[in-house]
file entry-v4.txt (compact mmCIF, C-alpha atoms and all ligand atoms)
# COMPACT_ATOMS: atom_id res chain seq x y z
CA MET T 17 6.13 -16.35 -81.89
CA LYS T 18 7.56 -19.75 -81.09
CA ASN T 19 9.85 -18.28 -78.45
CA LYS T 20 7.14 -16.53 -76.45
CA PRO T 21 6.54 -19.33 -73.89
CA ARG T 22 10.29 -19.43 -73.23
CA GLN T 23 10.39 -15.60 -72.89
CA LEU T 24 7.67 -15.80 -70.26
CA LEU T 25 9.22 -18.75 -68.51
CA ILE T 26 12.57 -17.07 -67.73
CA PRO T 27 11.11 -14.12 -65.74
CA PHE T 28 8.71 -16.54 -64.02
CA LEU T 29 11.59 -18.79 -62.93
CA PHE T 30 13.57 -15.77 -61.75
CA ILE T 31 10.67 -14.50 -59.62
CA PHE T 32 10.11 -18.01 -58.28
CA PHE T 33 13.79 -18.28 -57.31
CA LEU T 34 13.71 -14.87 -55.63
CA SER T 35 10.59 -15.58 -53.60
CA THR T 36 11.29 -19.14 -52.57
CA VAL T 37 15.07 -19.30 -52.23
CA LEU T 38 16.96 -16.04 -52.24
CA ILE T 39 14.76 -13.75 -50.09
CA PRO T 40 14.16 -16.35 -47.34
CA ALA T 41 17.88 -17.19 -47.36
CA LEU T 42 18.87 -13.54 -47.06
CA SER T 43 16.29 -12.77 -44.40
CA GLN T 44 16.96 -15.80 -42.28
CA GLY T 45 20.63 -16.55 -42.85
CA LYS T 46 22.04 -17.66 -39.57
CA ASN T 47 19.49 -18.20 -36.84
CA LEU T 48 18.91 -15.49 -34.28
CA GLU T 49 21.37 -16.02 -31.41
CA ILE T 50 22.38 -14.41 -28.14
CA THR T 51 26.01 -13.58 -28.87
CA HIS T 52 27.17 -11.89 -25.64
CA GLY T 53 25.75 -11.69 -22.13
CA PRO T 54 23.47 -11.38 -20.37
CA TYR T 55 25.29 -9.49 -17.64
CA LEU T 56 24.05 -7.54 -14.63
CA GLN T 57 24.72 -3.85 -14.03
CA ASN T 58 23.69 -1.36 -11.37
CA LEU T 59 22.27 -3.93 -9.03
CA SER T 60 20.79 -2.27 -5.95
CA SER T 61 18.17 -3.18 -3.38
CA GLU T 62 15.45 -2.07 -5.83
CA GLU T 63 16.76 -2.34 -9.39
CA VAL T 64 19.01 -4.13 -11.81
CA THR T 65 19.96 -3.52 -15.44
CA ILE T 66 20.33 -6.59 -17.67
CA ILE T 67 22.33 -6.28 -20.90
CA TRP T 68 22.86 -8.72 -23.77
CA PHE T 69 23.57 -8.78 -27.49
CA THR T 70 22.11 -10.67 -30.45
CA ASN T 71 23.50 -11.29 -33.94
CA LYS T 72 20.44 -9.69 -35.53
CA LYS T 73 18.22 -6.69 -34.89
CA SER T 74 15.49 -7.59 -32.43
CA VAL T 75 12.98 -6.42 -29.87
CA SER T 76 13.56 -7.78 -26.39
CA SER T 77 12.13 -8.46 -22.97
CA VAL T 78 13.10 -10.04 -19.66
CA GLU T 79 10.93 -12.50 -17.79
CA TYR T 80 11.58 -12.59 -14.08
CA SER T 81 10.13 -13.82 -10.86
CA THR T 82 10.77 -13.73 -7.13
CA GLY T 83 10.75 -17.45 -7.51
CA GLU T 84 8.45 -18.79 -4.87
CA ASN T 85 7.48 -21.43 -7.40
CA PHE T 86 10.58 -21.85 -9.53
CA ASN T 87 9.81 -25.49 -10.17
CA THR T 88 6.67 -24.68 -12.12
CA PHE T 89 8.62 -22.85 -14.83
CA PRO T 90 7.62 -21.47 -17.30
CA GLN T 91 4.53 -20.34 -15.39
CA TRP T 92 6.61 -19.61 -12.28
CA GLY T 93 3.50 -19.96 -10.19
CA GLY T 94 1.75 -17.02 -11.80
CA LEU T 95 4.32 -14.59 -10.36
CA LEU T 96 6.11 -14.16 -13.64
CA GLN T 97 6.68 -10.56 -14.68
CA THR T 98 7.88 -9.19 -17.98
CA ALA T 99 9.98 -6.06 -18.46
CA GLN T 100 10.79 -4.14 -21.59
CA SER T 101 12.62 -0.89 -22.10
CA SER T 102 10.91 2.10 -23.62
CA ARG T 103 11.82 5.74 -24.13
CA HIS T 104 9.55 8.58 -25.18
CA GLY T 105 6.66 6.15 -25.65
CA LEU T 106 8.54 3.78 -27.92
CA ILE T 107 9.69 0.33 -26.91
CA ASP T 108 13.38 -0.12 -27.66
CA ALA T 109 13.58 -2.16 -30.86
CA ASN T 110 15.57 -2.87 -34.00
CA SER T 111 18.84 -3.13 -32.11
CA GLU T 112 21.48 -5.80 -31.52
CA ARG T 113 22.18 -4.41 -28.04
CA HIS T 114 19.49 -4.94 -25.43
CA ILE T 115 19.40 -3.02 -22.14
CA ILE T 116 16.46 -3.64 -19.84
CA GLN T 117 16.01 -2.39 -16.31
CA LEU T 118 13.97 -4.29 -13.72
CA ARG T 119 12.48 -1.87 -11.19
CA GLU T 120 10.60 -2.04 -7.89
CA LEU T 121 12.45 -5.14 -6.74
CA THR T 122 12.56 -6.25 -3.12
CA ALA T 123 15.80 -5.98 -1.12
CA GLY T 124 17.72 -9.15 -0.31
CA LYS T 125 15.52 -11.32 -2.49
CA THR T 126 16.47 -14.04 -4.96
CA TYR T 127 15.18 -13.44 -8.47
CA ARG T 128 15.29 -15.69 -11.50
CA TYR T 129 15.22 -14.30 -15.00
CA ARG T 130 15.63 -15.14 -18.64
CA VAL T 131 16.14 -12.84 -21.59
CA ILE T 132 14.04 -13.03 -24.75
CA SER T 133 14.73 -11.47 -28.16
CA LYS T 134 12.46 -11.53 -31.21
CA GLU T 135 14.04 -10.87 -34.58
CA ILE T 136 12.79 -7.99 -36.70
CA LEU T 137 12.98 -9.06 -40.34
CA GLN T 138 11.46 -5.93 -41.76
CA PHE T 139 10.88 -2.54 -40.13
CA GLU T 140 8.78 -0.36 -42.44
CA PRO T 141 6.54 2.52 -41.31
CA TYR T 142 3.37 0.48 -41.75
CA GLU T 143 4.68 -3.06 -41.74
CA VAL T 144 6.89 -4.72 -39.15
CA ILE T 145 7.64 -8.37 -39.79
CA TYR T 146 8.97 -10.49 -36.95
CA GLY T 147 11.15 -13.57 -37.30
CA ASN T 148 12.46 -16.11 -34.87
CA THR T 149 12.56 -15.76 -31.10
CA VAL T 150 15.54 -16.72 -28.96
CA VAL T 151 15.22 -17.40 -25.24
CA GLY T 152 18.22 -17.31 -22.90
CA ASP T 153 19.03 -19.66 -20.04
CA ILE T 154 17.46 -19.13 -16.65
CA ASN T 155 19.78 -17.17 -14.35
CA GLU T 156 19.52 -16.05 -10.78
CA PHE T 157 20.59 -12.97 -8.79
CA ILE T 158 20.05 -11.60 -5.30
CA THR T 159 19.24 -7.92 -4.78
CA PHE T 160 21.42 -5.88 -2.41
CA ASP T 161 20.24 -5.61 1.15
CA PRO T 162 20.88 -2.56 3.37
CA ASP T 163 20.43 -4.76 6.45
CA LYS T 164 22.99 -7.36 5.43
CA ASP T 165 25.86 -7.29 7.93
CA GLN T 166 28.40 -9.41 6.07
CA PHE T 167 29.37 -10.25 2.52
CA SER T 168 32.47 -10.34 0.31
CA PHE T 169 33.56 -8.51 -2.79
CA GLN T 170 36.30 -9.16 -5.28
CA ALA T 171 38.48 -6.74 -7.25
CA VAL T 172 40.89 -7.18 -10.16
CA GLN T 173 42.87 -4.55 -12.06
CA ASP T 174 44.98 -4.06 -15.18
CA ILE T 175 43.69 -7.07 -17.07
CA HIS T 176 44.76 -5.36 -20.35
CA ASP T 177 42.66 -7.58 -22.65
CA ASP T 178 44.29 -10.74 -21.34
CA SER T 179 41.10 -12.76 -21.08
CA GLU T 180 43.06 -15.99 -20.53
CA ARG T 181 44.71 -14.57 -17.43
CA LEU T 182 41.37 -13.17 -16.32
CA ASP T 183 39.84 -16.60 -16.76
CA SER T 184 42.52 -18.07 -14.48
CA LEU T 185 41.87 -15.36 -11.91
CA LEU T 186 38.12 -15.91 -12.03
CA GLN T 187 38.48 -19.67 -11.78
CA SER T 188 40.52 -19.28 -8.60
CA ILE T 189 37.82 -17.26 -6.88
CA SER T 190 35.72 -18.88 -4.23
CA TRP T 191 32.37 -17.36 -5.18
CA ASP T 192 30.65 -18.20 -1.93
CA GLN T 193 29.50 -14.92 -0.30
CA VAL T 194 30.84 -12.77 -3.20
CA ASP T 195 28.14 -10.19 -3.93
CA MET T 196 30.00 -8.10 -6.53
CA VAL T 197 33.16 -7.81 -8.60
CA PHE T 198 35.11 -4.65 -9.42
CA PHE T 199 37.18 -4.23 -12.58
CA ASN T 200 39.44 -1.49 -11.33
CA GLY T 201 40.65 0.04 -14.57
CA ASP T 202 42.78 -0.86 -17.59
CA THR T 203 40.70 -3.96 -18.08
CA LEU T 204 41.10 -3.07 -21.76
CA SER T 205 44.21 -1.58 -23.35
CA HIS T 206 42.27 0.61 -25.77
CA LEU T 207 38.92 0.74 -27.55
CA ASN T 208 38.78 0.68 -31.33
CA GLU T 209 35.62 -1.36 -31.78
CA GLU T 210 32.86 -3.14 -29.90
CA ASN T 211 34.56 -6.51 -30.08
CA ASP T 212 37.45 -5.21 -27.95
CA ILE T 213 34.99 -5.25 -25.03
CA PHE T 214 33.71 -8.76 -25.72
CA SER T 215 37.02 -10.47 -26.37
CA GLY T 216 38.98 -8.44 -23.82
CA PHE T 217 37.03 -9.44 -20.74
CA LEU T 218 33.25 -9.54 -21.09
CA ASP T 219 32.68 -13.00 -22.60
CA VAL T 220 34.93 -14.66 -20.02
CA SER T 221 33.20 -12.75 -17.23
CA VAL T 222 29.77 -13.85 -18.42
CA LYS T 223 30.98 -17.44 -18.60
CA ARG T 224 32.27 -17.29 -14.99
CA PHE T 225 29.85 -15.07 -13.08
CA ALA T 226 28.40 -11.94 -14.69
CA SER T 227 24.92 -13.32 -15.44
CA ARG T 228 24.32 -13.83 -11.72
CA ILE T 229 26.74 -11.48 -9.89
CA PRO T 230 27.04 -7.80 -10.88
CA PHE T 231 30.33 -6.17 -11.77
CA PHE T 232 31.34 -2.55 -11.62
CA PHE T 233 33.46 -1.38 -14.54
CA ILE T 234 35.79 1.36 -13.30
CA ARG T 235 37.56 3.30 -16.01
CA GLY T 236 41.35 3.33 -16.13
CA ASN T 237 43.52 5.56 -18.26
CA HIS T 238 43.73 2.98 -21.07
CA GLU T 239 39.95 2.88 -21.48
CA THR T 240 40.04 6.55 -22.48
CA ARG T 241 42.08 5.65 -25.57
CA GLY T 242 40.91 4.73 -29.07
CA SER T 243 38.14 5.82 -31.42
CA PHE T 244 35.51 3.72 -29.60
CA ALA T 245 36.32 5.04 -26.08
CA ARG T 246 33.41 7.48 -26.17
CA GLU T 247 30.97 4.59 -26.67
CA LEU T 248 32.19 2.64 -23.63
CA ILE T 249 29.63 4.06 -21.20
CA ASP T 250 26.77 2.65 -23.32
CA TYR T 251 27.95 -0.88 -22.51
CA PHE T 252 28.16 -0.34 -18.74
CA PRO T 253 25.63 2.44 -18.19
CA PRO T 254 26.05 3.70 -14.63
CA ARG T 255 22.95 4.81 -12.78
CA ASP T 256 23.97 8.48 -12.81
CA SER T 257 25.25 8.29 -16.41
CA ARG T 258 28.80 9.09 -15.33
CA TYR T 259 31.88 7.11 -14.35
CA TYR T 260 31.97 8.41 -10.77
CA TYR T 261 29.21 7.54 -8.37
CA THR T 262 28.40 6.03 -4.99
CA PHE T 263 26.34 3.11 -3.84
CA LYS T 264 25.74 1.25 -0.61
CA HIS T 265 25.47 -2.42 0.21
CA GLY T 266 25.04 -3.65 3.76
CA PRO T 267 27.41 -1.70 6.05
CA VAL T 268 29.68 -0.46 3.22
CA PHE T 269 29.44 2.87 1.43
CA PHE T 270 31.29 2.60 -1.89
CA ILE T 271 32.79 5.59 -3.71
CA ILE T 272 33.82 5.07 -7.33
CA LEU T 273 36.09 7.75 -8.81
CA ASP T 274 37.48 8.14 -12.32
CA SER T 275 41.17 9.05 -12.25
CA GLY T 276 41.34 9.78 -15.99
CA GLU T 277 44.52 9.83 -18.02
CA ASP T 278 47.94 9.60 -16.42
CA LYS T 279 49.72 12.46 -18.21
CA PRO T 280 48.86 16.21 -18.44
CA ASP T 281 45.99 17.06 -20.80
CA ASP T 282 48.33 18.93 -23.14
CA SER T 283 50.58 15.92 -23.60
CA PRO T 284 51.05 15.44 -27.39
CA VAL T 285 49.92 11.79 -27.20
CA TYR T 286 46.36 12.92 -26.48
CA ALA T 287 46.23 15.01 -29.67
CA GLY T 288 44.35 17.83 -27.94
CA LEU T 289 41.42 15.57 -26.98
CA ALA T 290 41.92 15.22 -23.20
CA ASP T 291 40.09 17.30 -20.59
CA PHE T 292 40.84 15.45 -17.37
CA ASP T 293 42.18 18.29 -15.20
CA LEU T 294 38.76 19.92 -14.90
CA TYR T 295 37.15 16.48 -14.63
CA ARG T 296 39.23 15.55 -11.56
CA GLU T 297 38.42 18.93 -9.97
CA GLU T 298 34.71 18.33 -10.67
CA GLN T 299 35.01 15.03 -8.81
CA ALA T 300 36.78 16.73 -5.89
CA LYS T 301 33.82 19.13 -5.51
CA TRP T 302 31.42 16.21 -5.72
CA LEU T 303 33.44 14.31 -3.10
CA GLN T 304 33.04 17.22 -0.68
CA GLU T 305 29.28 16.86 -1.03
CA VAL T 306 29.38 13.07 -0.67
CA ILE T 307 31.13 13.14 2.71
CA LEU T 308 28.40 15.41 4.10
CA ARG T 309 25.65 12.95 3.31
CA GLU T 310 23.95 11.19 6.22
CA ASP T 311 24.17 7.76 4.58
CA PHE T 312 27.91 8.29 4.16
CA LYS T 313 28.37 9.42 7.75
CA ASN T 314 26.28 6.55 9.10
CA ALA T 315 28.05 3.80 7.17
CA ALA T 316 30.17 1.38 9.18
CA PHE T 317 32.74 1.26 6.36
CA ARG T 318 33.75 3.57 3.51
CA VAL T 319 35.62 2.08 0.59
CA ALA T 320 36.91 4.07 -2.41
CA PHE T 321 37.95 2.71 -5.80
CA PHE T 322 40.05 4.61 -8.32
CA HIS T 323 42.53 3.32 -10.84
CA ILE T 324 45.59 5.56 -10.41
CA PRO T 325 46.86 5.56 -6.81
CA PRO T 326 47.87 8.70 -4.88
CA PHE T 327 51.40 9.58 -3.76
CA SER T 328 53.33 8.50 -6.85
CA LYS T 329 55.39 10.61 -9.28
CA ILE T 330 52.81 10.17 -12.06
CA TYR T 331 51.20 13.50 -12.99
CA SER T 332 47.58 12.50 -12.34
CA SER T 333 48.59 10.71 -9.14
CA GLN T 334 49.89 14.03 -7.84
CA GLU T 335 46.62 15.66 -8.86
CA ILE T 336 44.68 12.96 -7.01
CA THR T 337 46.84 13.51 -3.93
CA ARG T 338 46.18 17.25 -4.12
CA LEU T 339 42.47 17.15 -5.02
CA TRP T 340 40.95 13.99 -3.57
CA VAL T 341 43.09 12.76 -0.67
CA PRO T 342 42.15 15.68 1.68
CA TRP T 343 38.46 14.77 1.32
CA LEU T 344 39.09 11.04 1.65
CA ASN T 345 40.96 11.84 4.88
CA LYS T 346 38.22 14.14 6.21
CA GLY T 347 35.60 11.56 5.27
CA LYS T 348 37.34 8.89 7.38
CA VAL T 349 37.54 6.55 4.44
CA ASP T 350 38.73 3.11 5.56
CA LEU T 351 40.25 1.74 2.40
CA ALA T 352 41.15 2.87 -1.12
CA ILE T 353 41.72 0.21 -3.79
CA CYS T 354 43.84 1.12 -6.83
CA GLY T 355 45.79 -0.34 -9.76
CA HIS T 356 47.85 1.11 -12.61
CA LEU T 357 51.33 0.46 -11.19
CA HIS T 358 51.41 -3.25 -12.14
CA ARG T 359 53.01 -3.97 -8.78
CA ARG T 360 51.76 -4.71 -5.31
CA VAL T 361 51.57 -1.91 -2.75
CA ARG T 362 50.07 -1.87 0.71
CA GLN T 363 50.23 1.54 2.36
CA ASP T 364 48.98 1.79 5.91
CA PRO T 365 47.83 5.18 7.25
CA GLU T 366 50.67 7.65 7.58
CA SER T 367 50.42 10.81 9.64
CA GLY T 368 50.17 13.96 7.53
CA LYS T 369 49.56 11.99 4.36
CA ASN T 370 46.89 9.32 4.11
CA ASP T 371 44.56 8.66 7.03
CA PHE T 372 43.22 5.62 5.13
CA THR T 373 44.89 2.41 4.04
CA TYR T 374 45.39 2.05 0.31
CA ILE T 375 46.29 -1.02 -1.67
CA VAL T 376 47.47 -1.42 -5.25
CA GLY T 377 47.30 -4.74 -7.04
CA SER T 378 49.65 -6.19 -9.59
CA ARG T 379 48.30 -7.68 -12.81
CA GLU T 380 48.36 -11.15 -11.26
CA ASP T 381 46.66 -10.19 -7.98
CA SER T 382 43.07 -10.10 -6.99
CA PHE T 383 41.64 -8.62 -3.83
CA ARG T 384 38.97 -10.29 -1.81
CA ILE T 385 37.46 -8.17 0.93
CA ASP T 386 35.37 -9.94 3.55
CA VAL T 387 32.97 -7.50 5.19
CA LYS T 388 32.15 -8.41 8.77
CA PRO T 389 30.03 -6.44 11.25
CA ASP T 390 33.04 -4.88 12.99
CA HIS T 391 35.90 -5.12 10.50
CA LEU T 392 36.99 -5.50 6.90
CA LYS T 393 39.29 -8.43 6.20
CA VAL T 394 41.51 -7.62 3.24
CA ASN T 395 42.95 -10.61 1.39
CA ILE T 396 45.48 -10.22 -1.41
CA LEU T 397 45.42 -13.34 -3.60
CA ASN T 398 47.57 -14.62 -6.44
CA LEU T 399 46.47 -16.23 -9.73
CA LYS T 400 45.92 -19.55 -7.99
CA GLY T 401 43.76 -17.99 -5.31
CA GLU T 402 46.48 -18.40 -2.67
CA THR T 403 46.64 -15.72 0.01
CA LEU T 404 49.71 -13.47 -0.25
CA ASP T 405 48.76 -11.02 2.47
CA THR T 406 45.83 -10.48 4.78
CA PHE T 407 44.99 -7.81 7.32
CA LEU T 408 42.02 -6.43 9.27
CA LEU T 409 40.62 -2.90 9.28
CA PRO T 410 38.33 -2.30 12.27
CA THR T 411 35.28 -0.10 11.76
CA LYS T 412 35.70 3.64 12.30
CA LYS T 413 32.00 3.95 13.01
CA ALA T 414 32.63 5.89 16.22
CA GLU T 415 34.61 8.51 14.29
CA VAL T 416 32.15 10.97 12.84
CA PRO T 417 33.51 12.42 9.58
CA GLU T 418 34.65 16.00 9.82
CA THR T 419 32.62 18.71 8.20
CA PRO T 420 34.55 20.07 5.19
CA GLN T 421 35.94 23.58 5.67
FE FE B 501 46.62 2.35 -15.86
call {"tool": "encode", "arguments": {"input": "entry-v4.txt", "output": "structure tokens"}}
result
Amino acid sequence: MKNKPRQLLIPFLFIFFLSTVLIPALSQGKNLEITHGPYLQNLSSEEVTIIWFTNKKSVSSVEYSTGENFNTFPQWGGLLQTAQSSRHGLIDANSERHIIQLRELTAGKTYRYRVISKEILQFEPYEVIYGNTVVGDINEFITFDPDKDQFSFQAVQDIHDDSERLDSLLQSISWDQVDMVFFNGDTLSHLNEENDIFSGFLDVSVKRFASRIPFFFIRGNHETRGSFARELIDYFPPRDSRYYYTFKHGPVFFIILDSGEDKPDDSPVYAGLADFDLYREEQAKWLQEVILREDFKNAAFRVAFFHIPPFSKIYSSQEITRLWVPWLNKGKVDLAICGHLHRRVRQDPESGKNDFTYIVGSREDSFRIDVKPDHLKVNILNLKGETLDTFLLPTKKAEVPETPQ
């Protein structure tokens, strides 16, 4: 009987320890943080997608404003809007990846935004308990403008996870007038896990530009490799949910194509998991439809991006020459920008082959294209931002694209 108070005391102390020390410690741990991003995707004259990541499961929103009264933040002059993402009636929640689209934006307008995530400590059917909230820095972007008659864009290729080299390239860029950046394939050498994306190029890109200037992630052959390759599209979700698409900014009509793997589908290295022959043919059929579109025909410039260039001995290059080049020729494309070869190529139009100029960058090159009302100025730059080559492509506006036969 003497021991009874002690017998009661031990469970009491244990419960006290659980409730006051252990459970709060486990539930809070490290504070809620934004770990990667935010970065902009699919910017257009009307929309943008903002993506970021947190270290804990959260529910998220974006606050944004056209910014007539930026100085009155956080009220933003009463013009502040909030966006969340919901599907099938449910607001996206309990995730460490946050993807929110801002819609019904105005063309050519400056917007400011900040991302907000609220931790979900417990997610039970009848009890959701929220934790801390984290608020990102205020960033700014400008929506695309169909009436804009000049701007610049930047392209890099074959980064191959070398984020230090990418950082040097990005530091050398003069960002004035740059409205978008293209990663033209093999930015990553393979995909085994999510962190390959962050460490390979994304964190450096966010640090340098990607919270305020959109990038377009074009798939190269290396990004088709690895157990995580099938998840890649969820990190850079294109508007049409596929890696090939078009968009327009100012006088330029952009065509993004996905050149796939470099070897035949039955090559043993793909272990029976490649299906790119049909995929390239599917894109050829799509390309025929694109060049019939009025907005394509009416564009002052037509620029195509694809990772593997035409006219080389590589298997898929020959397929691209056979399947895509005839339609790029008929469509009066001005310029194709490629990578893959790890060496510099500039190929001017050649009768009976390519009616368009195509350029291929080395791993150390970046391309800066200055779009002017009557010409494209192509600049090939080295790691230090010094110009290695420059040339002009006058508009072919007077040349109406041929109707495909
Ligand atoms: Fe490649």
call {"tool": "residues_near_point", "arguments": {"input": "entry-v4.txt", "point": "(17.5, -7.6, -30.4)", "cutoff": "12 Å", "atoms": "only C-alpha atoms", "output": "PDB file with C-alpha atoms, in the coordinates of the input"}}
result
ATOM      1  CA  LEU T  48      18.910 -15.490 -34.280  1.00  0.00           C
ATOM      2  CA  GLU T  49      21.370 -16.020 -31.410  1.00  0.00           C
ATOM      3  CA  ILE T  50      22.380 -14.410 -28.140  1.00  0.00           C
ATOM      4  CA  THR T  51      26.010 -13.580 -28.870  1.00  0.00           C
ATOM      5  CA  HIS T  52      27.170 -11.890 -25.640  1.00  0.00           C
ATOM      6  CA  ILE T  67      22.330  -6.280 -20.900  1.00  0.00           C
ATOM      7  CA  TRP T  68      22.860  -8.720 -23.770  1.00  0.00           C
ATOM      8  CA  PHE T  69      23.570  -8.780 -27.490  1.00  0.00           C
ATOM      9  CA  THR T  70      22.110 -10.670 -30.450  1.00  0.00           C
ATOM     10  CA  ASN T  71      23.500 -11.290 -33.940  1.00  0.00           C
ATOM     11  CA  LYS T  72      20.440  -9.690 -35.530  1.00  0.00           C
ATOM     12  CA  LYS T  73      18.220  -6.690 -34.890  1.00  0.00           C
ATOM     13  CA  SER T  74      15.490  -7.590 -32.430  1.00  0.00           C
ATOM     14  CA  VAL T  75      12.980  -6.420 -29.870  1.00  0.00           C
ATOM     15  CA  SER T  76      13.560  -7.780 -26.390  1.00  0.00           C
ATOM     16  CA  SER T  77      12.130  -8.460 -22.970  1.00  0.00           C
ATOM     17  CA  VAL T  78      13.100 -10.040 -19.660  1.00  0.00           C
ATOM     18  CA  GLN T 100      10.790  -4.140 -21.590  1.00  0.00           C
ATOM     19  CA  SER T 101      12.620  -0.890 -22.100  1.00  0.00           C
ATOM     20  CA  ILE T 107       9.690   0.330 -26.910  1.00  0.00           C
ATOM     21  CA  ASP T 108      13.380  -0.120 -27.660  1.00  0.00           C
ATOM     22  CA  ALA T 109      13.580  -2.160 -30.860  1.00  0.00           C
ATOM     23  CA  ASN T 110      15.570  -2.870 -34.000  1.00  0.00           C
ATOM     24  CA  SER T 111      18.840  -3.130 -32.110  1.00  0.00           C
ATOM     25  CA  GLU T 112      21.480  -5.800 -31.520  1.00  0.00           C
ATOM     26  CA  ARG T 113      22.180  -4.410 -28.040  1.00  0.00           C
ATOM     27  CA  HIS T 114      19.490  -4.940 -25.430  1.00  0.00           C
ATOM     28  CA  ILE T 115      19.400  -3.020 -22.140  1.00  0.00           C
ATOM     29  CA  ILE T 116      16.460  -3.640 -19.840  1.00  0.00           C
ATOM     30  CA  VAL T 131      16.140 -12.840 -21.590  1.00  0.00           C
ATOM     31  CA  ILE T 132      14.040 -13.030 -24.750  1.00  0.00           C
ATOM     32  CA  SER T 133      14.730 -11.470 -28.160  1.00  0.00           C
ATOM     33  CA  LYS T 134      12.460 -11.530 -31.210  1.00  0.00           C
ATOM     34  CA  GLU T 135      14.040 -10.870 -34.580  1.00  0.00           C
ATOM     35  CA  ILE T 136      12.790  -7.990 -36.700  1.00  0.00           C
ATOM     36  CA  LEU T 137      12.980  -9.060 -40.340  1.00  0.00           C
ATOM     37  CA  TYR T 146       8.970 -10.490 -36.950  1.00  0.00           C
ATOM     38  CA  GLY T 147      11.150 -13.570 -37.300  1.00  0.00           C
ATOM     39  CA  ASN T 148      12.460 -16.110 -34.870  1.00  0.00           C
ATOM     40  CA  THR T 149      12.560 -15.760 -31.100  1.00  0.00           C
ATOM     41  CA  VAL T 150      15.540 -16.720 -28.960  1.00  0.00           C
ATOM     42  CA  VAL T 151      15.220 -17.400 -25.240  1.00  0.00           C
TER      43      VAL T 151
END
call {"tool": "closest_residue", "arguments": {"input": "entry-v4.txt", "among": "T:His238, T:Arg128, T:Arg103, T:Lys348", "to": "ligand FE 501 (chain B)", "atoms": "only C-alpha atoms and all ligand atoms"}}
result
T:His238
call {"tool": "residues_near_ligand", "arguments": {"input": "entry-v4.txt", "ligand": "ligand FE 501 (chain B)", "cutoff": "8 Å", "atoms": "only C-alpha atoms and all ligand atoms", "output": "ChimeraX atom specification"}}
result
/T:174,201-202,236-238,278,323-324,355-357
call {"tool": "closest_residue", "arguments": {"input": "entry-v4.txt", "among": "T:Glu156, T:Asp165, T:Glu62, T:Glu180", "to": "Thr122 (chain T)", "atoms": "only C-alpha atoms"}}
result
T:Glu62
call {"tool": "residues_around", "arguments": {"input": "entry-v4.txt", "residues": "Leu409 (chain T)", "least_positions_apart": "4", "cutoff": "9 Å", "atoms": "all atoms listed in the file", "output": "list in words"}}
result
Asp350, Leu351, Thr373, Asp390, His391, Leu392, Lys393 and Val394 of chain T
call {"tool": "closest_residue", "arguments": {"input": "entry-v4.txt", "among": "T:Ser188, T:Ser333, T:Lys264, T:Val306", "to": "Glu277 (chain T)", "atoms": "all atoms listed in the file"}}
result
T:Ser333
call {"tool": "closest_residue", "arguments": {"input": "entry-v4.txt", "among": "T:Glu335, T:Asp311, T:Glu120, T:Asp364", "to": "Leu294 (chain T)", "atoms": "all atoms listed in the file"}}
result
T:Glu335
call {"tool": "closest_residue", "arguments": {"input": "entry-v4.txt", "among": "T:Phe312, T:Trp343, T:Phe157, T:Tyr142", "to": "Tyr127 (chain T)", "atoms": "all atoms listed in the file"}}
result
T:Phe157
call {"tool": "atom_distance", "arguments": {"input": "entry-v4.txt", "atom1": "CA of Glu210 (chain T)", "atom2": "CA of Ser179 (chain T)"}}
result
15.4 Å
call {"tool": "closest_residue", "arguments": {"input": "entry-v4.txt", "among": "T:Pro326, T:Phe269, T:Lys125, T:Thr337", "to": "Glu310 (chain T)", "atoms": "all atoms listed in the file"}}
result
T:Phe269
call {"tool": "residues_around", "arguments": {"input": "entry-v4.txt", "residues": "Leu344 (chain T)", "least_positions_apart": "2", "cutoff": "10 Å", "atoms": "only C-alpha atoms", "output": "number ranges by chain"}}
result
T: 271, 300, 303-304, 307, 318-320, 337, 339-342, 346-352, 370-372, 417
call {"tool": "residues_around", "arguments": {"input": "entry-v4.txt", "residues": "region 244-254 of chain T", "least_positions_apart": "4", "cutoff": "7 Å", "atoms": "all atoms listed in the file", "output": "list in words"}}
result
Gln57, Asn58, Leu207, Asn208, Glu209, Phe233, Glu239, Thr240, Arg258 and Tyr259 of chain T
call {"tool": "atom_distance", "arguments": {"input": "entry-v4.txt", "atom1": "CA of Thr203 (chain T)", "atom2": "CA of Leu182 (chain T)"}}
result
9.4 Å
call {"tool": "atom_distance", "arguments": {"input": "entry-v4.txt", "atom1": "CA of His104 (chain T)", "atom2": "CA of Thr262 (chain T)"}}
result
27.7 Å
call {"tool": "residues_around", "arguments": {"input": "entry-v4.txt", "residues": "region 228-232 of chain T", "least_positions_apart": "5", "cutoff": "8 Å", "atoms": "only C-alpha atoms", "output": "count of residues only"}}
result
14
